[in-house]
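Participant: Sharing a structure with you now.
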Amino acid sequence: MAAVVRKVVVDGFFTPCIEDDMEWVETLQELQGRRRAMTRRSIEVHGRELRKVQDVQEKVDFSVTCTVIDGRGASRDARYRLLIYYEPREELKVLSALGAVGVNLKACEPKAVELESPIQEEQDIMLIPQPLFIDMEESTTLASLLQR
């Protein structure tokens, strides 16, 4: 019986084989099936309110992308635009928890996040089950979203 060689080492690298490609495609399809439907709300806050949002995030499941609008980052006087993402079933919990610390998210319009969103951060938030806090200071992928 002859041995089947799946990969050949060339210059220290493995050449891919058809089985590997199919396994990768199946993994991607499985991951896409795990994405959660999310709602997004946009709000502007000052540095002291940002800290309160971060404290609440440790207790309540929601994710945040944060962009500095005005001032220096990590300053009490700086202004930030936050996009707060949560699962629709968690809406009341998120709104009441943030309202309790003075962040009126109820006044902000909710928008459903598209499952096929082209924004990588939104894909990460939908896929990863843990709450995320993403500092967008160095990223420009949400720039078009913030203009809406």
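In the structure tokens, chains take letters A, B, ... by order of appearance, with residues numbered from 1 within each chain and ligands from 1 in the order shown.
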Which residues come within 10 Å of range 106-114 of chain A, counting only C-alpha atoms, excluding same-chain residues fewer than 2 positions away, as a ChimeraX atom specification?
Facilitator: /A:36-44,84-88,91-92,94-96,98-99,103-104,116-119,122-123,126
Participant: Quick one: residues within 8 Å of Arg79 in chain A, only C-alpha atoms, excluding same-chain residues fewer than 2 positions away - as a list in words?
Facilitator: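 Contacts, with the query itself left out: Glu44, Val45, His46, Gly47, Val68, Ile69, Asp70, Gly71, Asp77 and Arg81 of chain A.
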Participant: Measuring atom to atom with only C-alpha atoms, identify which of A:Leu82, A:Leu127, A:Val25, A:Leu105 is nearest to Gln54 in chain A.
Facilitator: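 Among the listed residues, A:Leu82 lies closest to Gln54 in chain A.
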Participant: List every residue of range 18-147 of chain A that DSSP, applied to the backbone of this structure, places in strand (DSSP E), and write the result as a JSON list (two decimals) with N, CA and C atoms, in the first residue's frame.
Facilitator:
```json
[["chain", "number", "residue", "atom", "x", "y", "z"],
["A", 39, "THR", "N", -27.88, 45.05, 17.66],
["A", 39, "THR", "CA", -28.42, 46.39, 17.50],
["A", 39, "THR", "C", -27.30, 47.36, 17.86],
["A", 40, "ARG", "N", -27.27, 48.51, 17.19],
["A", 40, "ARG", "CA", -26.22, 49.51, 17.42],
["A", 40, "ARG", "C", -26.89, 50.85, 17.73],
["A", 41, "ARG", "N", -26.32, 51.55, 18.71],
["A", 41, "ARG", "CA", -26.74, 52.93, 19.00],
["A", 41, "ARG", "C", -25.48, 53.78, 19.11],
["A", 42, "SER", "N", -25.58, 55.01, 18.61],
["A", 42, "SER", "CA", -24.45, 55.93, 18.62],
["A", 42, "SER", "C", -24.72, 57.04, 19.64],
["A", 43, "ILE", "N", -23.71, 57.36, 20.45],
["A", 43, "ILE", "CA", -23.85, 58.40, 21.45],
["A", 43, "ILE", "C", -22.51, 59.11, 21.63],
["A", 44, "GLU", "N", -22.57, 60.41, 21.95],
["A", 44, "GLU", "CA", -21.36, 61.17, 22.26],
["A", 44, "GLU", "C", -21.28, 61.36, 23.77],
["A", 45, "VAL", "N", -20.09, 61.14, 24.31],
["A", 45, "VAL", "CA", -19.88, 61.26, 25.75],
["A", 45, "VAL", "C", -18.56, 61.99, 26.02],
["A", 46, "HIS", "N", -18.41, 62.47, 27.26],
["A", 46, "HIS", "CA", -17.16, 63.05, 27.72],
["A", 46, "HIS", "C", -16.34, 61.96, 28.42],
["A", 63, "SER", "N", -20.94, 45.49, 23.54],
["A", 63, "SER", "CA", -19.64, 45.86, 22.98],
["A", 63, "SER", "C", -19.64, 47.32, 22.58],
["A", 64, "VAL", "N", -18.45, 47.90, 22.51],
["A", 64, "VAL", "CA", -18.31, 49.33, 22.24],
["A", 64, "VAL", "C", -17.17, 49.56, 21.26],
["A", 65, "THR", "N", -17.41, 50.46, 20.28],
["A", 65, "THR", "CA", -16.31, 51.03, 19.53],
["A", 65, "THR", "C", -16.23, 52.49, 19.94],
["A", 66, "CYS", "N", -15.03, 52.99, 20.13],
["A", 66, "CYS", "CA", -14.82, 54.33, 20.68],
["A", 66, "CYS", "C", -13.91, 55.13, 19.76],
["A", 67, "THR", "N", -14.38, 56.34, 19.39],
["A", 67, "THR", "CA", -13.60, 57.23, 18.54],
["A", 67, "THR", "C", -13.50, 58.59, 19.23],
["A", 68, "VAL", "N", -12.29, 59.14, 19.30],
["A", 68, "VAL", "CA", -12.10, 60.47, 19.87],
["A", 68, "VAL", "C", -12.62, 61.49, 18.87],
["A", 69, "ILE", "N", -13.52, 62.37, 19.33],
["A", 69, "ILE", "CA", -14.07, 63.41, 18.46],
["A", 69, "ILE", "C", -13.32, 64.72, 18.65],
["A", 70, "ASP", "N", -13.09, 65.04, 19.92],
["A", 70, "ASP", "CA", -12.52, 66.34, 20.24],
["A", 70, "ASP", "C", -11.67, 66.19, 21.49],
["A", 79, "ARG", "N", -14.06, 64.49, 24.09],
["A", 79, "ARG", "CA", -15.37, 63.97, 23.69],
["A", 79, "ARG", "C", -15.15, 62.74, 22.81],
["A", 80, "TYR", "N", -16.03, 61.78, 22.99],
["A", 80, "TYR", "CA", -15.91, 60.51, 22.28],
["A", 80, "TYR", "C", -17.24, 60.17, 21.61],
["A", 81, "ARG", "N", -17.16, 59.52, 20.47],
["A", 81, "ARG", "CA", -18.35, 58.93, 19.86],
["A", 81, "ARG", "C", -18.27, 57.43, 20.12],
["A", 82, "LEU", "N", -19.30, 56.92, 20.78],
["A", 82, "LEU", "CA", -19.37, 55.50, 21.07],
["A", 82, "LEU", "C", -20.44, 54.86, 20.22],
["A", 83, "LEU", "N", -20.14, 53.73, 19.66],
["A", 83, "LEU", "CA", -21.14, 52.89, 19.03],
["A", 83, "LEU", "C", -21.30, 51.71, 19.97],
["A", 84, "ILE", "N", -22.49, 51.56, 20.52],
["A", 84, "ILE", "CA", -22.76, 50.53, 21.51],
["A", 84, "ILE", "C", -23.57, 49.43, 20.83],
["A", 85, "TYR", "N", -23.06, 48.21, 20.90],
["A", 85, "TYR", "CA", -23.66, 47.05, 20.23],
["A", 85, "TYR", "C", -24.16, 46.08, 21.29],
["A", 86, "TYR", "N", -25.36, 45.58, 21.08],
["A", 86, "TYR", "CA", -25.91, 44.59, 22.00],
["A", 86, "TYR", "C", -26.92, 43.72, 21.26],
["A", 111, "LYS", "N", -30.30, 50.97, 15.55],
["A", 111, "LYS", "CA", -30.19, 50.50, 14.16],
["A", 111, "LYS", "C", -29.73, 49.05, 14.19],
["A", 112, "ALA", "N", -30.36, 48.24, 13.37],
["A", 112, "ALA", "CA", -29.94, 46.84, 13.27],
["A", 112, "ALA", "C", -28.61, 46.78, 12.50],
["A", 133, "PHE", "N", -14.31, 46.06, 23.70],
["A", 133, "PHE", "CA", -14.14, 47.51, 23.69],
["A", 133, "PHE", "C", -13.05, 47.78, 22.67],
["A", 134, "ILE", "N", -13.45, 48.42, 21.56],
["A", 134, "ILE", "CA", -12.51, 48.65, 20.45],
["A", 134, "ILE", "C", -12.22, 50.14, 20.35],
["A", 135, "ASP", "N", -10.97, 50.50, 20.56],
["A", 135, "ASP", "CA", -10.53, 51.89, 20.43],
["A", 135, "ASP", "C", -10.25, 52.15, 18.96]]
```
Participant: Hey, can you check how far CA of Gly33 in chain A sits from CA of Met136 in chain A?
Facilitator: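 Distance reported for this atom pair: 26.4 Å.
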Participant: Between CA of Gly102 in chain A and CA of Leu132 in chain A, what is the distance, to one decimal in Å?
Facilitator: 21.2 Å
